[in-house]
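Colleague: Dropping in work00.txt, which is compact mmCIF, C-alpha atoms (C1' of nucleotides):
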```txt
# COMPACT_ATOMS: atom_id res chain seq x y z
CA MET A 1 16.06 -19.55 -13.41
CA PHE A 2 14.00 -17.68 -10.82
CA GLU A 3 16.83 -15.34 -10.04
CA ILE A 4 14.51 -12.74 -8.58
CA ASP A 5 11.74 -14.99 -7.34
CA PRO A 6 10.36 -12.92 -4.48
CA ARG A 7 9.96 -16.01 -2.35
CA LYS A 8 13.71 -16.30 -2.12
CA SER A 9 14.18 -12.87 -0.65
CA ILE A 10 13.88 -11.80 2.97
CA PHE A 11 11.69 -8.95 1.78
CA TYR A 12 9.09 -11.57 1.05
CA TYR A 13 8.83 -12.40 4.74
CA ILE A 14 8.86 -8.79 5.80
CA ASP A 15 6.06 -8.03 3.37
CA GLU A 16 4.13 -11.07 4.48
CA ALA A 17 4.36 -10.26 8.18
CA ILE A 18 3.33 -6.64 7.90
CA LYS A 19 0.48 -7.44 5.53
CA GLU A 20 -0.87 -10.25 7.68
CA TYR A 21 -0.67 -8.06 10.75
CA ARG A 22 -2.52 -5.24 9.01
CA LYS A 23 -5.19 -7.57 7.72
CA TYR A 24 -5.59 -9.09 11.15
CA ALA A 25 -5.68 -5.73 12.94
CA GLN A 26 -8.16 -4.29 10.47
CA LYS A 27 -10.44 -7.27 10.85
CA LYS A 28 -10.50 -6.85 14.62
CA ILE A 29 -11.17 -3.14 14.30
CA SER A 30 -13.95 -3.67 11.78
CA VAL A 31 -15.84 -5.89 14.18
CA ILE A 32 -16.18 -2.92 16.52
CA ASP A 33 -16.50 -0.21 13.88
CA PRO A 34 -16.48 -1.10 10.19
CA ASN A 35 -16.03 2.51 9.14
CA ILE A 36 -12.54 3.33 10.32
CA THR A 37 -9.14 2.10 9.23
CA LEU A 38 -6.08 1.37 11.35
CA ASP A 39 -4.19 4.26 9.78
CA GLN A 40 -7.05 6.64 10.46
CA LEU A 41 -7.03 5.55 14.10
CA LEU A 42 -3.29 5.97 14.47
CA THR A 43 -3.57 9.40 12.89
CA LEU A 44 -6.32 10.42 15.29
CA ASN A 45 -4.29 9.14 18.20
CA LEU A 46 -1.20 11.11 17.24
CA ILE A 47 -3.23 14.29 16.90
CA LYS A 48 -4.89 13.65 20.23
CA GLU A 49 -1.53 13.34 21.92
CA ASP A 50 0.09 16.25 20.13
CA PRO A 51 -2.45 18.66 18.66
CA ASP A 52 0.27 21.10 17.67
CA SER A 53 2.03 18.79 15.26
CA ALA A 54 2.02 19.81 11.63
CA GLN A 55 0.68 17.46 8.99
CA LYS A 56 4.19 17.15 7.71
CA GLU A 57 5.32 15.70 11.04
CA LEU A 58 2.38 13.34 11.24
CA ALA A 59 3.20 12.10 7.76
CA GLN A 60 6.77 11.39 8.75
CA ILE A 61 5.77 9.49 11.86
CA LEU A 62 3.28 7.40 9.94
CA PHE A 63 5.59 6.89 6.94
CA LYS A 64 3.06 8.47 4.68
CA ASP A 65 3.36 10.80 1.78
CA TYR A 66 2.09 14.30 2.53
CA ALA A 67 -0.57 13.83 -0.11
CA SER A 68 -1.81 10.66 1.53
CA LEU A 69 -2.01 12.35 4.88
CA THR A 70 -3.94 15.28 3.46
CA ARG A 71 -6.54 12.83 2.20
CA ILE A 72 -6.68 10.84 5.41
CA ILE A 73 -7.32 14.06 7.31
CA GLU A 74 -9.95 15.16 4.81
CA LEU A 75 -11.76 11.90 5.42
CA LEU A 76 -11.49 12.17 9.18
CA VAL A 77 -12.96 15.67 9.00
CA LYS A 78 -15.71 14.51 6.68
CA LYS A 79 -16.55 11.67 9.04
CA GLY A 80 -16.75 14.08 11.96
CA TYR A 81 -13.79 12.75 13.95
CA LEU A 82 -11.62 15.80 13.47
CA SER A 83 -11.92 19.56 13.15
CA ARG A 84 -9.52 21.64 11.14
CA SER A 85 -8.97 25.37 11.46
CA ILE A 86 -6.27 27.78 10.41
CA ASN A 87 -3.25 28.16 12.67
CA GLN A 88 -2.87 31.88 13.27
CA SER A 89 0.81 31.73 14.15
CA ASP A 90 1.59 30.23 10.73
CA ARG A 91 -1.23 30.48 8.26
CA ARG A 92 0.16 27.74 6.06
CA LYS A 93 -0.50 25.25 8.82
CA PHE A 94 -3.71 23.97 10.32
CA LEU A 95 -4.95 23.40 13.81
CA LEU A 96 -6.22 19.88 14.13
CA LYS A 97 -8.46 18.86 17.00
CA LEU A 98 -10.39 15.73 17.77
CA THR A 99 -14.13 16.10 18.12
CA ALA A 100 -16.01 14.32 20.89
CA LYS A 101 -16.73 11.60 18.37
CA GLY A 102 -13.02 11.42 17.63
CA TYR A 103 -12.09 11.01 21.27
CA ALA A 104 -14.78 8.40 21.69
CA ILE A 105 -13.55 6.19 18.89
CA VAL A 106 -9.92 6.40 19.96
CA ASP A 107 -10.88 5.44 23.50
CA LYS A 108 -13.03 2.61 22.27
CA LEU A 109 -10.44 1.13 19.96
CA THR A 110 -7.20 1.72 21.85
CA PRO A 111 -7.56 -1.51 23.85
CA ILE A 112 -8.21 -3.43 20.63
CA ILE A 113 -5.00 -2.17 19.07
CA ILE A 114 -3.03 -3.03 22.18
CA GLU A 115 -4.55 -6.50 22.18
CA ASN A 116 -3.83 -7.00 18.46
CA ARG A 117 -0.18 -6.20 18.91
CA LYS A 118 0.07 -8.47 21.89
CA ILE A 119 -1.44 -11.40 20.06
CA ALA A 120 0.66 -10.81 16.96
CA LEU A 121 3.80 -10.97 19.10
CA GLU A 122 2.89 -13.97 21.18
CA ASN A 123 5.70 -16.41 21.87
CA ILE A 124 8.37 -14.02 20.69
CA SER A 125 11.03 -13.23 23.25
CA ASP A 126 12.25 -9.75 24.04
CA THR A 127 15.67 -10.74 22.78
CA ASP A 128 14.22 -11.75 19.44
CA LEU A 129 12.24 -8.53 19.21
CA LYS A 130 15.30 -6.50 19.96
CA SER A 131 17.35 -8.29 17.35
CA LEU A 132 14.49 -7.95 14.86
CA LYS A 133 14.48 -4.23 15.44
CA THR A 134 18.23 -3.94 15.03
CA THR A 135 18.27 -5.83 11.75
CA LEU A 136 15.33 -3.89 10.37
CA LYS A 137 17.06 -0.65 11.27
CA LYS A 138 20.10 -1.79 9.34
CA ILE A 139 18.00 -2.41 6.25
CA THR A 140 16.40 1.00 6.56
CA ASP A 141 19.79 2.63 6.91
CA ASN A 142 21.28 0.73 3.99
CA CYS A 143 18.46 1.92 1.75
CA ASN A 144 18.83 5.50 2.86
CA SER A 145 22.60 5.73 2.74
CA ASP A 146 22.91 4.56 -0.85
CA LEU A 147 21.43 7.62 -2.53
CA MET B 1 -0.60 8.75 27.28
CA PHE B 2 0.62 7.57 23.89
CA GLU B 3 -0.56 4.09 24.59
CA ILE B 4 -0.70 3.22 20.93
CA ASP B 5 1.96 5.54 19.60
CA PRO B 6 3.10 3.62 16.52
CA ARG B 7 6.73 4.51 17.24
CA LYS B 8 6.64 2.26 20.28
CA SER B 9 5.64 -0.81 18.33
CA ILE B 10 7.86 -3.21 16.43
CA PHE B 11 5.45 -2.87 13.51
CA TYR B 12 6.77 0.62 13.12
CA TYR B 13 10.20 -0.73 12.24
CA ILE B 14 8.83 -3.42 9.98
CA ASP B 15 6.80 -0.84 8.13
CA GLU B 16 9.74 1.51 7.92
CA ALA B 17 12.12 -1.11 6.53
CA ILE B 18 9.81 -2.44 3.86
CA LYS B 19 8.78 1.04 2.76
CA GLU B 20 12.32 2.34 2.58
CA TYR B 21 13.37 -0.71 0.62
CA ARG B 22 10.52 -0.29 -1.84
CA LYS B 23 11.22 3.38 -2.28
CA TYR B 24 14.89 2.65 -2.82
CA ALA B 25 14.27 -0.20 -5.24
CA GLN B 26 11.74 1.81 -7.22
CA LYS B 27 14.11 4.72 -7.51
CA LYS B 28 16.82 2.49 -8.93
CA ILE B 29 14.40 0.90 -11.37
CA SER B 30 13.05 4.26 -12.49
CA VAL B 31 16.52 5.40 -13.49
CA ILE B 32 16.59 2.62 -16.09
CA ASP B 33 12.91 2.67 -17.01
CA PRO B 34 10.55 5.17 -15.39
CA ASN B 35 7.48 3.36 -16.68
CA ILE B 36 7.51 0.12 -14.74
CA THR B 37 6.99 -0.64 -11.07
CA LEU B 38 8.75 -3.22 -8.92
CA ASP B 39 5.53 -5.19 -8.53
CA GLN B 40 4.95 -5.21 -12.26
CA LEU B 41 8.47 -6.54 -12.75
CA LEU B 42 8.06 -9.27 -10.15
CA THR B 43 4.78 -10.23 -11.76
CA LEU B 44 6.36 -10.45 -15.20
CA ASN B 45 9.19 -12.51 -13.79
CA LEU B 46 6.87 -15.02 -12.14
CA ILE B 47 4.92 -15.45 -15.36
CA LYS B 48 8.12 -15.85 -17.31
CA GLU B 49 9.24 -18.63 -15.01
CA ASP B 50 5.87 -20.33 -14.78
CA PRO B 51 3.55 -19.41 -17.65
CA ASP B 52 0.96 -21.94 -16.53
CA SER B 53 0.28 -20.38 -13.17
CA ALA B 54 -3.19 -19.00 -12.65
CA GLN B 55 -3.67 -15.41 -11.61
CA LYS B 56 -4.91 -16.66 -8.31
CA GLU B 57 -1.56 -18.31 -7.64
CA LEU B 58 0.39 -15.25 -8.72
CA ALA B 59 -1.68 -13.14 -6.38
CA GLN B 60 -0.90 -15.45 -3.48
CA ILE B 61 2.81 -15.43 -4.16
CA LEU B 62 2.88 -11.66 -4.41
CA PHE B 63 0.55 -11.16 -1.41
CA LYS B 64 -1.89 -9.31 -3.58
CA ASP B 65 -5.61 -9.25 -3.74
CA TYR B 66 -7.01 -10.93 -6.86
CA ALA B 67 -8.47 -7.60 -7.90
CA SER B 68 -5.11 -5.90 -7.64
CA LEU B 69 -3.48 -8.57 -9.72
CA THR B 70 -6.14 -8.32 -12.41
CA ARG B 71 -5.33 -4.66 -12.74
CA ILE B 72 -1.58 -5.14 -12.72
CA ILE B 73 -1.98 -7.64 -15.54
CA GLU B 74 -4.29 -5.33 -17.46
CA LEU B 75 -1.63 -2.66 -17.29
CA LEU B 76 1.13 -5.02 -18.36
CA VAL B 77 -0.96 -6.05 -21.36
CA LYS B 78 -1.75 -2.45 -22.20
CA LYS B 79 1.92 -1.56 -22.01
CA GLY B 80 2.77 -4.40 -24.35
CA TYR B 81 4.79 -6.52 -21.92
CA LEU B 82 2.30 -9.36 -21.71
CA SER B 83 -0.20 -11.19 -23.87
CA ARG B 84 -3.33 -12.76 -22.51
CA SER B 85 -5.41 -15.42 -24.20
CA ILE B 86 -8.02 -17.88 -23.06
CA ASN B 87 -6.84 -21.15 -21.59
CA GLN B 88 -8.67 -23.85 -23.51
CA SER B 89 -8.33 -26.47 -20.81
CA ASP B 90 -10.21 -24.25 -18.37
CA ARG B 91 -11.94 -21.35 -19.97
CA ARG B 92 -12.16 -19.43 -16.72
CA LYS B 93 -8.42 -19.08 -16.71
CA PHE B 94 -6.07 -17.20 -18.99
CA LEU B 95 -2.85 -18.00 -20.69
CA LEU B 96 -0.30 -15.36 -19.88
CA LYS B 97 2.82 -14.97 -21.97
CA LEU B 98 5.56 -12.39 -22.01
CA THR B 99 6.07 -10.53 -25.26
CA ALA B 100 9.55 -9.85 -26.61
CA LYS B 101 9.30 -6.47 -24.93
CA GLY B 102 8.38 -8.22 -21.69
CA TYR B 103 11.39 -10.52 -21.85
CA ALA B 104 13.61 -7.58 -22.67
CA ILE B 105 12.62 -5.53 -19.66
CA VAL B 106 12.91 -8.45 -17.26
CA ASP B 107 16.38 -9.23 -18.55
CA LYS B 108 17.38 -5.62 -18.35
CA LEU B 109 16.16 -5.09 -14.80
CA THR B 110 16.91 -8.41 -13.15
CA PRO B 111 20.49 -7.40 -12.29
CA ILE B 112 19.20 -4.16 -10.81
CA ILE B 113 16.83 -6.00 -8.51
CA ILE B 114 19.56 -8.39 -7.41
CA GLU B 115 21.85 -5.45 -6.73
CA ASN B 116 19.16 -3.58 -4.78
CA ARG B 117 18.59 -6.52 -2.49
CA LYS B 118 22.28 -6.97 -1.95
CA ILE B 119 22.81 -3.35 -1.00
CA ALA B 120 19.77 -3.30 1.27
CA LEU B 121 21.17 -6.27 3.17
CA GLU B 122 24.75 -5.11 3.45
CA ASN B 123 26.44 -5.78 6.77
CA ILE B 124 23.76 -8.14 7.93
CA SER B 125 24.97 -11.61 8.82
CA ASP B 126 23.33 -14.81 7.66
CA THR B 127 22.55 -15.62 11.26
CA ASP B 128 20.72 -12.35 11.67
CA LEU B 129 18.80 -12.89 8.45
CA LYS B 130 17.81 -16.33 9.53
CA SER B 131 16.61 -15.13 12.88
CA LEU B 132 14.77 -12.24 11.21
CA LYS B 133 12.96 -14.72 9.00
CA THR B 134 12.04 -16.94 11.92
CA THR B 135 10.61 -14.11 13.97
CA LEU B 136 8.68 -12.69 11.04
CA LYS B 137 7.21 -16.11 10.36
CA LYS B 138 6.03 -16.25 13.96
CA ILE B 139 4.25 -12.93 13.58
CA THR B 140 2.59 -14.11 10.38
CA ASP B 141 1.48 -17.32 12.06
CA ASN B 142 0.17 -15.54 15.13
CA CYS B 143 -1.98 -13.30 12.97
CA ASN B 144 -3.33 -16.21 11.00
CA SER B 145 -4.01 -18.55 13.87
CA ASP B 146 -6.15 -16.12 15.83
CA LEU B 147 -9.15 -16.11 13.50
C1' DC C 1 -29.05 -34.79 -16.64
C1' DA C 2 -30.61 -30.44 -14.01
C1' DA C 3 -29.92 -27.82 -10.00
C1' DA C 4 -26.87 -26.37 -6.65
C1' DT C 5 -22.26 -25.27 -5.47
C1' DA C 6 -17.63 -23.94 -6.21
C1' DT C 7 -13.97 -21.60 -8.64
C1' DA C 8 -11.32 -17.98 -11.61
C1' DA C 9 -11.41 -13.75 -12.76
C1' DT C 10 -13.53 -9.10 -13.33
C1' DT C 11 -15.85 -4.84 -11.94
C1' DG C 12 -17.25 -1.00 -8.95
C1' DA C 13 -16.54 1.70 -4.98
C1' DT C 14 -13.57 3.70 -1.86
C1' DA C 15 -8.95 4.33 0.49
C1' DT C 16 -4.25 4.87 0.07
C1' DA C 17 0.58 5.50 -2.31
C1' DT C 18 3.50 8.13 -5.22
C1' DC C 19 4.99 11.68 -8.24
C1' DA C 20 4.77 16.16 -10.19
C1' DA C 21 2.80 20.50 -10.29
C1' DT C 22 0.53 24.16 -7.88
C1' DT C 23 -0.97 27.48 -4.22
C1' DA C 24 -0.36 30.28 -0.33
C1' DA C 25 2.34 31.92 3.17
C1' DT C 26 6.78 32.75 5.31
C1' DA C 27 11.74 33.57 5.43
C1' DA C 28 16.02 34.96 3.31
C1' DA C 29 18.72 37.66 0.22
C1' DA C 30 19.88 41.39 -2.84
C1' DT D 1 11.83 46.37 0.39
C1' DT D 2 11.16 44.01 -3.57
C1' DT D 3 12.72 39.78 -5.38
C1' DT D 4 13.91 35.09 -4.56
C1' DA D 5 13.78 30.96 -2.17
C1' DT D 6 11.70 27.88 1.18
C1' DT D 7 8.04 25.69 3.42
C1' DA D 8 3.20 23.58 4.37
C1' DA D 9 -0.26 21.83 2.37
C1' DT D 10 -3.26 20.69 -1.64
C1' DT D 11 -4.49 18.89 -6.20
C1' DG D 12 -4.34 15.89 -10.31
C1' DA D 13 -2.95 11.75 -12.39
C1' DT D 14 -2.06 7.11 -12.07
C1' DA D 15 -1.19 2.67 -9.47
C1' DT D 16 -2.41 -0.28 -5.95
C1' DA D 17 -5.28 -2.29 -1.80
C1' DT D 18 -9.51 -4.02 -0.11
C1' DC D 19 -14.23 -5.36 0.03
C1' DA D 20 -18.47 -6.74 -2.00
C1' DA D 21 -20.95 -8.03 -5.90
C1' DT D 22 -21.01 -10.07 -10.41
C1' DT D 23 -19.93 -13.03 -14.54
C1' DA D 24 -18.58 -17.08 -16.69
C1' DT D 25 -17.18 -21.58 -16.44
C1' DA D 26 -16.54 -26.11 -13.93
C1' DT D 27 -17.70 -29.46 -10.65
C1' DT D 28 -20.63 -31.81 -7.55
C1' DT D 29 -24.75 -33.81 -6.14
C1' DG D 30 -29.49 -35.27 -5.99
```
As structure tokens - that is how I would like this structure written.
Modeller:
Amino acid sequence: MFEIDPRKSIFYYIDEAIKEYRKYAQKKISVIDPNITLDQLLTLNLIKEDPDSAQKELAQILFKDYASLTRIIELLVKKGYLSRSINQSDRRKFLLKLTAKGYAIVDKLTPIIIENRKIALENISDTDLKSLKTTLKKITDNCNSDL
Amino acid sequence: MFEIDPRKSIFYYIDEAIKEYRKYAQKKISVIDPNITLDQLLTLNLIKEDPDSAQKELAQILFKDYASLTRIIELLVKKGYLSRSINQSDRRKFLLKLTAKGYAIVDKLTPIIIENRKIALENISDTDLKSLKTTLKKITDNCNSDL
DNA sequence: CAAATATAATTGATATATCAATTAATAAAA
DNA sequence: TTTTATTAATTGATATATCAATTATATTTG
């Protein structure tokens, strides 16, 4: 009976928490601007802070497949938040730069993201957060080491 | 600077853990059968255990949008794992039933899923798991209460 | 009962995830 | 230096996520 019922696994709660947070965060963002996603914002922010980073690095930071990141960037360019030009020092790479519109939306939505995280973590002690992080790291490591 | 760098947020670690687990689990499943996904398996298993459940309920258990679940079920039917017929007691609903092929794949892959979860949680104490669950529940609740 | 409302599921549009294959450029090796 | 291998990014195919709109059936209410 129900040997692999997802509700009996801790992964159920991990999945639930991250999905509820994303839904919540996206809802708050959409109130201000219904045309940008949380991932697009985080991507823009990373590029803003480190314009030299390759798409490969961005993908790793955001836990995204390279293909996904390519498409996120395409969209950001199409929407006018980002400009892309060839990197002359390595012509396989691109130079990514926020447009004025890109800077504007990051500035506008940064406080919202900070607020979202704060609210999502209300009433959780630093000790609990630290232990959460440690346990999650163990799971990540377990999955990576057994290959 | 880097005010909303994802790497500074606990959500980064949650995201990392669940994604690494899913990648790991899928890899193990694909060795046995490259044509089924973890979510499809969990869906089949839930239907096997409770054939009367409506798609709406399955979606809630699996944290999926109704639309997503409709398409997962479509695929399972197309692949011959599932049969779908109209529920006469409420003609808006469907009667979902595993085929022999559906039962076979669930039986074949159940031990793999159990093993995956075990390995992913190696060296994590029950106390830590319990506290992980509690903290994650708090996050979920925080996101839901602020609406 | 007829009209209004609610519910279960689907469909369409768009974004993202994942895998495999491909392209273009660079680096390493023979 | 030509071949070979590696690397960065894209593309195509398919699966899933999310939102809004729609369809079909049930339920409620006037």
Colleague: Using all C-alpha atoms paired in order, least-squares fit chain B onto chain A and give me the moved copy as a tab-separated table (two decimals) with C-alpha atoms, in the coordinates of the input.
Modeller:
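And here is the file that came out, out07.tsv:
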```
chain	number	residue	atom	x	y	z
B	1	MET	CA	16.11	-19.48	-13.42
B	2	PHE	CA	14.03	-17.70	-10.80
B	3	GLU	CA	16.83	-15.34	-10.05
B	4	ILE	CA	14.51	-12.77	-8.59
B	5	ASP	CA	11.74	-15.02	-7.35
B	6	PRO	CA	10.36	-12.93	-4.49
B	7	ARG	CA	9.96	-16.04	-2.34
B	8	LYS	CA	13.72	-16.33	-2.11
B	9	SER	CA	14.18	-12.88	-0.64
B	10	ILE	CA	13.89	-11.81	2.97
B	11	PHE	CA	11.68	-8.96	1.78
B	12	TYR	CA	9.09	-11.58	1.05
B	13	TYR	CA	8.82	-12.41	4.74
B	14	ILE	CA	8.85	-8.79	5.80
B	15	ASP	CA	6.07	-8.05	3.37
B	16	GLU	CA	4.12	-11.09	4.47
B	17	ALA	CA	4.35	-10.26	8.18
B	18	ILE	CA	3.34	-6.64	7.89
B	19	LYS	CA	0.48	-7.43	5.53
B	20	GLU	CA	-0.87	-10.25	7.66
B	21	TYR	CA	-0.67	-8.05	10.73
B	22	ARG	CA	-2.52	-5.23	9.01
B	23	LYS	CA	-5.19	-7.55	7.71
B	24	TYR	CA	-5.60	-9.06	11.15
B	25	ALA	CA	-5.69	-5.72	12.93
B	26	GLN	CA	-8.17	-4.28	10.46
B	27	LYS	CA	-10.44	-7.25	10.84
B	28	LYS	CA	-10.52	-6.84	14.60
B	29	ILE	CA	-11.18	-3.12	14.30
B	30	SER	CA	-13.95	-3.64	11.76
B	31	VAL	CA	-15.83	-5.87	14.17
B	32	ILE	CA	-16.18	-2.89	16.51
B	33	ASP	CA	-16.50	-0.18	13.88
B	34	PRO	CA	-16.48	-1.08	10.18
B	35	ASN	CA	-16.03	2.54	9.14
B	36	ILE	CA	-12.54	3.35	10.33
B	37	THR	CA	-9.13	2.12	9.22
B	38	LEU	CA	-6.08	1.38	11.35
B	39	ASP	CA	-4.20	4.27	9.77
B	40	GLN	CA	-7.04	6.66	10.45
B	41	LEU	CA	-7.03	5.55	14.08
B	42	LEU	CA	-3.28	5.98	14.45
B	43	THR	CA	-3.57	9.40	12.88
B	44	LEU	CA	-6.32	10.43	15.28
B	45	ASN	CA	-4.29	9.14	18.19
B	46	LEU	CA	-1.20	11.11	17.23
B	47	ILE	CA	-3.23	14.29	16.91
B	48	LYS	CA	-4.89	13.63	20.23
B	49	GLU	CA	-1.53	13.32	21.91
B	50	ASP	CA	0.08	16.23	20.12
B	51	PRO	CA	-2.45	18.66	18.67
B	52	ASP	CA	0.27	21.10	17.66
B	53	SER	CA	2.03	18.79	15.27
B	54	ALA	CA	2.01	19.82	11.64
B	55	GLN	CA	0.69	17.46	9.01
B	56	LYS	CA	4.19	17.16	7.71
B	57	GLU	CA	5.32	15.71	11.03
B	58	LEU	CA	2.38	13.34	11.23
B	59	ALA	CA	3.18	12.10	7.76
B	60	GLN	CA	6.77	11.40	8.74
B	61	ILE	CA	5.79	9.50	11.85
B	62	LEU	CA	3.28	7.40	9.94
B	63	PHE	CA	5.61	6.91	6.93
B	64	LYS	CA	3.06	8.49	4.68
B	65	ASP	CA	3.34	10.81	1.77
B	66	TYR	CA	2.08	14.33	2.53
B	67	ALA	CA	-0.59	13.85	-0.10
B	68	SER	CA	-1.82	10.68	1.53
B	69	LEU	CA	-2.02	12.36	4.89
B	70	THR	CA	-3.97	15.29	3.48
B	71	ARG	CA	-6.55	12.85	2.23
B	72	ILE	CA	-6.68	10.84	5.43
B	73	ILE	CA	-7.32	14.06	7.32
B	74	GLU	CA	-9.96	15.17	4.84
B	75	LEU	CA	-11.77	11.91	5.43
B	76	LEU	CA	-11.50	12.17	9.20
B	77	VAL	CA	-12.97	15.67	9.03
B	78	LYS	CA	-15.73	14.52	6.71
B	79	LYS	CA	-16.56	11.66	9.05
B	80	GLY	CA	-16.76	14.06	11.97
B	81	TYR	CA	-13.80	12.75	13.96
B	82	LEU	CA	-11.62	15.79	13.48
B	83	SER	CA	-11.90	19.55	13.16
B	84	ARG	CA	-9.51	21.62	11.14
B	85	SER	CA	-8.97	25.35	11.46
B	86	ILE	CA	-6.27	27.75	10.40
B	87	ASN	CA	-3.26	28.13	12.65
B	88	GLN	CA	-2.91	31.85	13.25
B	89	SER	CA	0.76	31.70	14.12
B	90	ASP	CA	1.54	30.23	10.70
B	91	ARG	CA	-1.27	30.47	8.26
B	92	ARG	CA	0.13	27.73	6.07
B	93	LYS	CA	-0.51	25.25	8.81
B	94	PHE	CA	-3.72	23.96	10.33
B	95	LEU	CA	-4.95	23.39	13.80
B	96	LEU	CA	-6.22	19.86	14.13
B	97	LYS	CA	-8.46	18.87	17.00
B	98	LEU	CA	-10.39	15.73	17.77
B	99	THR	CA	-14.13	16.10	18.15
B	100	ALA	CA	-16.01	14.32	20.92
B	101	LYS	CA	-16.72	11.60	18.39
B	102	GLY	CA	-13.01	11.42	17.63
B	103	TYR	CA	-12.08	11.01	21.28
B	104	ALA	CA	-14.78	8.40	21.68
B	105	ILE	CA	-13.55	6.18	18.89
B	106	VAL	CA	-9.93	6.40	19.97
B	107	ASP	CA	-10.87	5.44	23.50
B	108	LYS	CA	-13.03	2.63	22.27
B	109	LEU	CA	-10.42	1.14	19.96
B	110	THR	CA	-7.20	1.72	21.84
B	111	PRO	CA	-7.56	-1.51	23.84
B	112	ILE	CA	-8.22	-3.41	20.63
B	113	ILE	CA	-5.02	-2.15	19.07
B	114	ILE	CA	-3.02	-3.02	22.17
B	115	GLU	CA	-4.54	-6.48	22.17
B	116	ASN	CA	-3.84	-6.99	18.46
B	117	ARG	CA	-0.18	-6.18	18.91
B	118	LYS	CA	0.08	-8.45	21.89
B	119	ILE	CA	-1.44	-11.39	20.06
B	120	ALA	CA	0.66	-10.80	16.96
B	121	LEU	CA	3.80	-10.96	19.09
B	122	GLU	CA	2.89	-13.96	21.18
B	123	ASN	CA	5.70	-16.40	21.87
B	124	ILE	CA	8.37	-14.03	20.69
B	125	SER	CA	11.04	-13.23	23.25
B	126	ASP	CA	12.27	-9.75	24.04
B	127	THR	CA	15.68	-10.76	22.78
B	128	ASP	CA	14.22	-11.76	19.45
B	129	LEU	CA	12.25	-8.54	19.21
B	130	LYS	CA	15.31	-6.52	19.96
B	131	SER	CA	17.35	-8.30	17.36
B	132	LEU	CA	14.49	-7.96	14.86
B	133	LYS	CA	14.48	-4.22	15.45
B	134	THR	CA	18.23	-3.95	15.04
B	135	THR	CA	18.28	-5.83	11.77
B	136	LEU	CA	15.35	-3.90	10.37
B	137	LYS	CA	17.07	-0.65	11.27
B	138	LYS	CA	20.12	-1.80	9.33
B	139	ILE	CA	18.01	-2.44	6.26
B	140	THR	CA	16.41	0.99	6.56
B	141	ASP	CA	19.81	2.62	6.92
B	142	ASN	CA	21.29	0.72	4.00
B	143	CYS	CA	18.48	1.90	1.75
B	144	ASN	CA	18.87	5.48	2.86
B	145	SER	CA	22.63	5.69	2.73
B	146	ASP	CA	22.93	4.52	-0.86
B	147	LEU	CA	21.45	7.60	-2.51
```
Colleague: Considering only C-alpha atoms (C1' of nucleotides), state which residue in the set A:Glu20, A:Ile4, A:Leu44, A:Lys64 is at the smallest distance from DT18 of chain C.
Modeller: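 Result for the nearest residue to DT18 of chain C: A:Lys64.
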Colleague: Please find the residues of chain B near chain C - the criterion being any atom within 10 Å, counting all atoms listed in the file - and write them as a PyMOL selection string.
Modeller: chain B and resi 23+54-56+66-67+69-71+90-94
Colleague: Between chain B and chain A, at 8 Å or less, what are the per-residue closest atom pairs and their distances in Å? Count all atoms listed in the file, order by chain and rising residue number, and return it as a tab-separated table.
Modeller:
```
residue	atom	partner	partner_atom	distance
B:Met1	CA	A:Glu49	CA	7.1
B:Phe2	CA	A:Glu49	CA	6.5
B:Glu3	CA	A:Thr110	CA	7.6
B:Ile4	CA	A:Thr110	CA	6.7
B:Asp5	CA	A:Leu46	CA	6.8
B:Pro6	CA	A:Leu42	CA	7.1
B:Arg7	CA	A:Ile61	CA	7.4
B:Ser9	CA	A:Arg117	CA	8.0
B:Ile10	CA	A:Lys133	CA	6.8
B:Phe11	CA	A:Ile18	CA	7.1
B:Tyr13	CA	A:Leu136	CA	6.3
B:Ile14	CA	A:Leu136	CA	6.5
B:Asp15	CA	A:Ile18	CA	6.8
B:Glu16	CA	A:Thr140	CA	6.8
B:Ala17	CA	A:Thr140	CA	4.8
B:Ile18	CA	A:Ile14	CA	6.7
B:Lys19	CA	A:Phe63	CA	7.9
B:Glu20	CA	A:Thr140	CA	5.9
B:Tyr21	CA	A:Cys143	CA	5.8
B:Tyr24	CA	A:Cys143	CA	5.8
B:Leu42	CA	A:Pro6	CA	7.1
B:Asn45	CA	A:Asp5	CA	7.4
B:Leu46	CA	A:Asp5	CA	6.8
B:Glu49	CA	A:Phe2	CA	6.4
B:Ile61	CA	A:Arg7	CA	7.4
B:Leu62	CA	A:Pro6	CA	7.6
B:Phe63	CA	A:Glu16	CA	6.9
B:Thr110	CA	A:Ile4	CA	6.7
B:Ile113	CA	A:Ile4	CA	7.1
B:Ile114	CA	A:Ile4	CA	6.8
B:Arg117	CA	A:Ser9	CA	7.9
B:Ile119	CA	A:Asn142	CA	6.6
B:Ala120	CA	A:Asn142	CA	5.1
B:Leu121	CA	A:Ile139	CA	5.9
B:Glu122	CA	A:Asn142	CA	6.8
B:Asn123	CA	A:Lys138	CA	7.9
B:Ile124	CA	A:Thr135	CA	7.1
B:Asp128	CA	A:Thr135	CA	7.0
B:Leu129	CA	A:Ile10	CA	7.4
B:Ser131	CA	A:Leu132	CA	7.7
B:Leu132	CA	A:Leu132	CA	5.6
B:Lys133	CA	A:Tyr13	CA	6.4
B:Thr135	CA	A:Asp128	CA	7.0
B:Leu136	CA	A:Ala17	CA	5.7
B:Lys137	CA	A:Ala17	CA	6.9
B:Lys138	CA	A:Ile124	CA	7.5
B:Ile139	CA	A:Ala120	CA	5.4
B:Thr140	CA	A:Ala17	CA	4.8
B:Asn142	CA	A:Ala120	CA	5.1
B:Cys143	CA	A:Ala120	CA	5.4
B:Asn144	CA	A:Glu20	CA	7.3
B:Asp146	CA	A:Ile119	CA	7.9
```
